[in-house]
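Student: Quick one: the structure is below, questions incoming.
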Amino acid sequence: MKSKIVLLGPPGAGKGTQAKIISNKLGFTSLSTGDMLRKAVRNGTELGKQAKKYMDEGNLVPNDIIIGIMKEKIAEISGAFLLDGYPRTIQQADALSAIADIDLVINIDVPDNVLVKRLTERRSCPKCDIVYHLVNNPPKKDGICDVCGTKLCLRDDDKEEVIMNRLNVYRESTLPLIDYYSRNGKLVTVRGDDGTINDVFANIKKVLID
Ligand code: AMP
C-alpha cells in the first residue's frame, strides 16, 4: 500500500470527506491545512490572525506562512500520511518534495457546476470541522453535528460570491500541480462525482492498494 499521499482537487471535490474515511478505515494520519487554519482562527492564535483575512476572501494563505508550519507538522508524523489541501501551489510542492518522498497524488475530479452546488449545500460543524451535505450526506438530526452536537453552519467561504473566487484561485495556483505531478508519474485521477461517497472511496482504495 502507498504510504505518503497527497489529495488534490478543487474546493468541494470531497477531499476532506475522503481524507476522513481513508484515515478511519486505512489508518492513515490525515493532515488538513484547511482544518488546521480554521482551528487556529477559532483559537485566536497568531497563525489564525494572519490567515483569517485570506480565508474569508477565498484566497490562499501566503506560502511563507504555510510552508514552515507544514514542514513542522509533517516531521511530527510517523507512519502513513495523507495530506488534504497541501500542496496548493508549485512553491508548496517544491517545499514538500524537499522533506518527503510522495508516493501518490490522487486528483479528485468534479465538474464546476457540481462543485458550486455542493459547496452551497454543504454544512460544516464549526467545532470539529466535519462536513455534511443537505442531500447526499445529511446529519442524523437536522442541522446538528452527529459527533459533537454543535449547530451546523454554512462556512463563510462556502457563500456563492467567495466560492467563485476560490475556484479561480484553484485554477490559477493549484491546477498547475496536475501537470507537475503527472510529469513524475505520481498522479492518478479519480472521479469525485461518480456514485456515492462510498463508491468514490472504493475507487480511491483500489488506487492506494495497487
Ligand atoms: P479548505 O478547507 O482546504 O478548502 O481550505 C480553506 C482555506 O484555507 C482556503 O481557501 C485557503 O484560504 C486556506 N488554505 C488551506 N490550505 C492552504 C494551503 N495549502 N495554502 C494556502 N492556503 C490554504
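Just so we're on the same page: first chain in the C-alpha cells is A, next is B, and so on; residues restart at 1 for each chain, and ligands are numbered from 1 in the order they show up.
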Looking only at the backbone, which of the residues in range 24-207 of chain A does DSSP tag as alpha helix (DSSP H), as a VMD selection string?
Tutor: chain A and resid 24 to 26 33 to 42 46 to 57 63 to 76 90 to 99 112 to 120 160 to 169 176 to 183 197 to 207
Student: Using only C-alpha atoms and all ligand atoms, what are the residues with an atom within 7 Å of ligand 1, set out as a PyMOL selection string?
Tutor: chain A and resi 11+32-35+37+54-55+58-63+66+84-88+166
Student: Using N, CA and C atoms, can you export the residues from the last selection as a PDB file, in the first residue's frame?
Tutor:
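Here's the written file part_28.pdb:
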ATOM      1  N   PRO A  11     -12.006  22.993  -4.543  1.00  0.00           N
ATOM      2  CA  PRO A  11     -12.849  23.051  -3.361  1.00  0.00           C
ATOM      3  C   PRO A  11     -14.183  22.389  -3.655  1.00  0.00           C
ATOM      4  N   SER A  32      -5.063  18.123   7.385  1.00  0.00           N
ATOM      5  CA  SER A  32      -5.783  19.056   6.516  1.00  0.00           C
ATOM      6  C   SER A  32      -5.349  20.479   6.847  1.00  0.00           C
ATOM      7  N   THR A  33      -4.813  21.183   5.856  1.00  0.00           N
ATOM      8  CA  THR A  33      -4.391  22.569   6.116  1.00  0.00           C
ATOM      9  C   THR A  33      -5.612  23.445   6.411  1.00  0.00           C
ATOM     10  N   GLY A  34      -6.736  23.188   5.712  1.00  0.00           N
ATOM     11  CA  GLY A  34      -7.945  23.986   5.959  1.00  0.00           C
ATOM     12  C   GLY A  34      -8.410  23.822   7.405  1.00  0.00           C
ATOM     13  N   ASP A  35      -8.477  22.563   7.899  1.00  0.00           N
ATOM     14  CA  ASP A  35      -8.904  22.321   9.288  1.00  0.00           C
ATOM     15  C   ASP A  35      -7.924  22.972  10.262  1.00  0.00           C
ATOM     16  N   LEU A  37      -5.985  25.554   9.778  1.00  0.00           N
ATOM     17  CA  LEU A  37      -6.105  27.018   9.769  1.00  0.00           C
ATOM     18  C   LEU A  37      -7.398  27.467  10.448  1.00  0.00           C
ATOM     19  N   TYR A  54      -7.274  36.178   4.506  1.00  0.00           N
ATOM     20  CA  TYR A  54      -7.121  35.456   3.228  1.00  0.00           C
ATOM     21  C   TYR A  54      -8.239  34.416   3.085  1.00  0.00           C
ATOM     22  N   MET A  55      -8.502  33.701   4.173  1.00  0.00           N
ATOM     23  CA  MET A  55      -9.513  32.634   4.124  1.00  0.00           C
ATOM     24  C   MET A  55     -10.907  33.219   3.875  1.00  0.00           C
ATOM     25  N   GLY A  58     -11.431  33.849   0.358  1.00  0.00           N
ATOM     26  CA  GLY A  58     -11.247  32.706  -0.551  1.00  0.00           C
ATOM     27  C   GLY A  58      -9.894  32.703  -1.216  1.00  0.00           C
ATOM     28  N   ASN A  59      -8.945  33.487  -0.669  1.00  0.00           N
ATOM     29  CA  ASN A  59      -7.585  33.490  -1.225  1.00  0.00           C
ATOM     30  C   ASN A  59      -6.699  32.527  -0.451  1.00  0.00           C
ATOM     31  N   LEU A  60      -5.552  32.193  -1.032  1.00  0.00           N
ATOM     32  CA  LEU A  60      -4.627  31.304  -0.331  1.00  0.00           C
ATOM     33  C   LEU A  60      -3.834  32.085   0.712  1.00  0.00           C
ATOM     34  N   VAL A  61      -3.580  31.443   1.825  1.00  0.00           N
ATOM     35  CA  VAL A  61      -2.686  31.998   2.833  1.00  0.00           C
ATOM     36  C   VAL A  61      -1.276  31.971   2.203  1.00  0.00           C
ATOM     37  N   PRO A  62      -0.489  33.056   2.379  1.00  0.00           N
ATOM     38  CA  PRO A  62       0.798  33.118   1.676  1.00  0.00           C
ATOM     39  C   PRO A  62       1.713  31.913   1.966  1.00  0.00           C
ATOM     40  N   ASN A  63       2.470  31.549   0.933  1.00  0.00           N
ATOM     41  CA  ASN A  63       3.380  30.391   1.037  1.00  0.00           C
ATOM     42  C   ASN A  63       4.334  30.495   2.224  1.00  0.00           C
ATOM     43  N   ILE A  66       2.559  29.239   5.330  1.00  0.00           N
ATOM     44  CA  ILE A  66       2.072  27.855   5.387  1.00  0.00           C
ATOM     45  C   ILE A  66       3.216  26.832   5.283  1.00  0.00           C
ATOM     46  N   ASP A  84      -4.360  16.691   2.955  1.00  0.00           N
ATOM     47  CA  ASP A  84      -5.605  17.180   2.348  1.00  0.00           C
ATOM     48  C   ASP A  84      -5.509  18.711   2.264  1.00  0.00           C
ATOM     49  N   GLY A  85      -5.350  19.206   1.038  1.00  0.00           N
ATOM     50  CA  GLY A  85      -5.278  20.666   0.876  1.00  0.00           C
ATOM     51  C   GLY A  85      -3.860  21.210   0.877  1.00  0.00           C
ATOM     52  N   TYR A  86      -2.886  20.341   0.840  1.00  0.00           N
ATOM     53  CA  TYR A  86      -1.477  20.744   0.764  1.00  0.00           C
ATOM     54  C   TYR A  86      -0.736  19.730  -0.095  1.00  0.00           C
ATOM     55  N   PRO A  87       0.040  20.131  -1.086  1.00  0.00           N
ATOM     56  CA  PRO A  87       0.341  21.490  -1.502  1.00  0.00           C
ATOM     57  C   PRO A  87      -0.776  22.076  -2.361  1.00  0.00           C
ATOM     58  N   ARG A  88      -0.798  23.412  -2.446  1.00  0.00           N
ATOM     59  CA  ARG A  88      -1.769  24.094  -3.285  1.00  0.00           C
ATOM     60  C   ARG A  88      -1.091  25.040  -4.270  1.00  0.00           C
ATOM     61  N   ARG A 166     -12.691  31.224  -4.927  1.00  0.00           N
ATOM     62  CA  ARG A 166     -11.914  30.016  -4.576  1.00  0.00           C
ATOM     63  C   ARG A 166     -11.662  29.164  -5.817  1.00  0.00           C
TER      64      ARG A 166
END
Student: Pick out the residues sitting within 6 Å of Leu104 in chain A, and hand them over as a PyMOL selection string; count only C-alpha atoms, and ignore anything fewer than 2 positions along from it in its own chain.
Tutor: chain A and resi 5+102+186
Student: If we count only C-alpha atoms and set the cut-off at 7 Å, which residues sit around range 105-117 of chain A, ignoring sequence neighbours fewer than 2 positions away in its own chain? Please answer as an mmCIF file with N, CA, C and O atoms, in the first residue's frame.
Tutor:
data_model
loop_
_atom_site.group_PDB
_atom_site.id
_atom_site.type_symbol
_atom_site.label_atom_id
_atom_site.label_comp_id
_atom_site.auth_asym_id
_atom_site.auth_seq_id
_atom_site.Cartn_x
_atom_site.Cartn_y
_atom_site.Cartn_z
ATOM 1 N N ILE A 5 0.727 10.195 0.801
ATOM 2 C CA ILE A 5 -0.280 10.511 -0.213
ATOM 3 C C ILE A 5 -0.668 11.983 -0.150
ATOM 4 O O ILE A 5 -0.801 12.544 0.934
ATOM 5 N N VAL A 6 -0.910 12.558 -1.335
ATOM 6 C CA VAL A 6 -1.486 13.901 -1.430
ATOM 7 C C VAL A 6 -2.857 13.776 -2.089
ATOM 8 O O VAL A 6 -3.011 13.075 -3.090
ATOM 9 N N LEU A 7 -3.858 14.444 -1.499
ATOM 10 C CA LEU A 7 -5.176 14.527 -2.144
ATOM 11 C C LEU A 7 -5.285 15.894 -2.802
ATOM 12 O O LEU A 7 -5.197 16.913 -2.123
ATOM 13 N N LEU A 8 -5.504 15.881 -4.098
ATOM 14 C CA LEU A 8 -5.586 17.120 -4.869
ATOM 15 C C LEU A 8 -7.006 17.235 -5.422
ATOM 16 O O LEU A 8 -7.663 16.214 -5.648
ATOM 17 N N GLY A 9 -7.444 18.459 -5.661
ATOM 18 C CA GLY A 9 -8.776 18.629 -6.256
ATOM 19 C C GLY A 9 -9.334 19.977 -5.877
ATOM 20 O O GLY A 9 -8.902 20.579 -4.894
ATOM 21 N N GLY A 12 -14.634 21.523 -2.766
ATOM 22 C CA GLY A 12 -15.912 20.837 -2.982
ATOM 23 C C GLY A 12 -15.764 19.494 -3.665
ATOM 24 O O GLY A 12 -16.748 18.778 -3.878
ATOM 25 N N ALA A 13 -14.526 19.095 -3.993
ATOM 26 C CA ALA A 13 -14.342 17.804 -4.683
ATOM 27 C C ALA A 13 -14.593 16.629 -3.743
ATOM 28 O O ALA A 13 -14.839 15.504 -4.189
ATOM 29 N N LEU A 119 -20.958 22.988 -2.730
ATOM 30 C CA LEU A 119 -20.438 23.881 -1.685
ATOM 31 C C LEU A 119 -21.550 24.701 -1.047
ATOM 32 O O LEU A 119 -21.556 24.913 0.159
ATOM 33 N N THR A 120 -22.516 25.164 -1.867
ATOM 34 C CA THR A 120 -23.590 25.977 -1.274
ATOM 35 C C THR A 120 -24.539 25.102 -0.458
ATOM 36 O O THR A 120 -25.216 25.591 0.436
ATOM 37 N N GLU A 121 -24.576 23.797 -0.759
ATOM 38 C CA GLU A 121 -25.457 22.898 0.009
ATOM 39 C C GLU A 121 -24.689 22.178 1.120
ATOM 40 O O GLU A 121 -25.211 21.269 1.751
ATOM 41 N N LYS A 186 3.285 10.389 -10.816
ATOM 42 C CA LYS A 186 2.711 10.079 -9.496
ATOM 43 C C LYS A 186 1.220 10.369 -9.403
ATOM 44 O O LYS A 186 0.602 10.122 -8.382
ATOM 45 N N LEU A 187 0.652 10.905 -10.483
ATOM 46 C CA LEU A 187 -0.735 11.373 -10.392
ATOM 47 C C LEU A 187 -1.737 10.343 -10.920
ATOM 48 O O LEU A 187 -1.544 9.773 -11.982
ATOM 49 N N VAL A 188 -2.782 10.114 -10.147
ATOM 50 C CA VAL A 188 -3.905 9.300 -10.618
ATOM 51 C C VAL A 188 -5.168 10.125 -10.425
ATOM 52 O O VAL A 188 -5.350 10.742 -9.367
ATOM 53 N N THR A 189 -6.025 10.175 -11.444
ATOM 54 C CA THR A 189 -7.267 10.932 -11.316
ATOM 55 C C THR A 189 -8.433 9.983 -11.053
ATOM 56 O O THR A 189 -8.559 8.944 -11.699
ATOM 57 N N VAL A 190 -9.253 10.359 -10.068
ATOM 58 C CA VAL A 190 -10.436 9.563 -9.711
ATOM 59 C C VAL A 190 -11.630 10.499 -9.840
ATOM 60 O O VAL A 190 -11.561 11.648 -9.393
ATOM 61 N N ARG A 191 -12.726 10.014 -10.408
ATOM 62 C CA ARG A 191 -13.907 10.887 -10.496
ATOM 63 C C ARG A 191 -14.565 11.011 -9.127
ATOM 64 O O ARG A 191 -14.813 10.018 -8.444
ATOM 65 N N GLY A 192 -14.845 12.275 -8.749
ATOM 66 C CA GLY A 192 -15.417 12.511 -7.430
ATOM 67 C C GLY A 192 -16.923 12.686 -7.462
ATOM 68 O O GLY A 192 -17.539 12.963 -6.437
ATOM 69 N N ASP A 193 -17.520 12.535 -8.651
ATOM 70 C CA ASP A 193 -18.974 12.719 -8.744
ATOM 71 C C ASP A 193 -19.635 11.476 -9.332
ATOM 72 O O ASP A 193 -20.744 11.530 -9.839
#
Student: Distance CA of Ile69 in chain A-CA of Leu208 in chain A, one decimal place?
Tutor: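 Separating CA of Ile69 in chain A from CA of Leu208 in chain A is a distance of 26.7 Å.
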Student: Under the rule that only C-alpha atoms are counted, which of A:Leu47, A:Ala80, A:Ile197, A:Cys128 is the nearest residue to Leu152 in chain A?
Tutor: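 Among the listed residues, A:Cys128 lies closest to Leu152 in chain A.
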Student: May I have all residues of range 11-69 of chain A that DSSP, computed from the backbone, assigns to strand (DSSP E or B), given as a VMD selection string?
Tutor: chain A and resid 29 to 32
Student: Using only C-alpha atoms, please write the residues we just selected to a file, as a tab-separated table (two decimals), in the first residue's frame.
Tutor:
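Contents of the output file selection.tsv:
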chain	number	residue	atom	x	y	z
A	29	THR	CA	-2.67	10.10	9.64
A	30	SER	CA	-4.59	12.79	7.84
A	31	LEU	CA	-3.43	16.39	7.87
A	32	SER	CA	-5.78	19.06	6.52
Student: Using only C-alpha atoms, which protein or nucleic acid residues come within 9 Å of Val162 in chain A? Drop anything in the same chain fewer than 5 positions from it, and give the result as a list in words.
Tutor: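 In the requested form, the answer reads Asp56, Glu57, Gly58, Asn59, Asp156, Asp157 and Leu167 of chain A.
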Student: Applying 9 Å and only C-alpha atoms, which residues near Ile90 in chain A remain after dropping the ones on its own chain fewer than 4 positions away? List them as a list in words.
Tutor: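 The contact residues come out as Asp94, Ala95, Ser173, Thr174, Pro176, Leu177 and Tyr180 of chain A.
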Student: Suppose you want the space between CA of Gln91 in chain A and CA of Arg171 in chain A; what is it in Å?
Tutor: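 CA of Arg171 in chain A lies 15.4 Å from CA of Gln91 in chain A.
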Student: Please list as a list in words every residue within 8 Å of Gly143 in chain A, counting only C-alpha atoms and excluding residues in the same chain fewer than 3 positions away.
Tutor: Pro139, Lys151, Leu152 and Cys153 of chain A
Student: How far is it from CA of Leu82 in chain A to CA of Val131 in chain A, in Å with one decimal?
Tutor: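 Rounded to one decimal, the two atoms are 17.8 Å apart.
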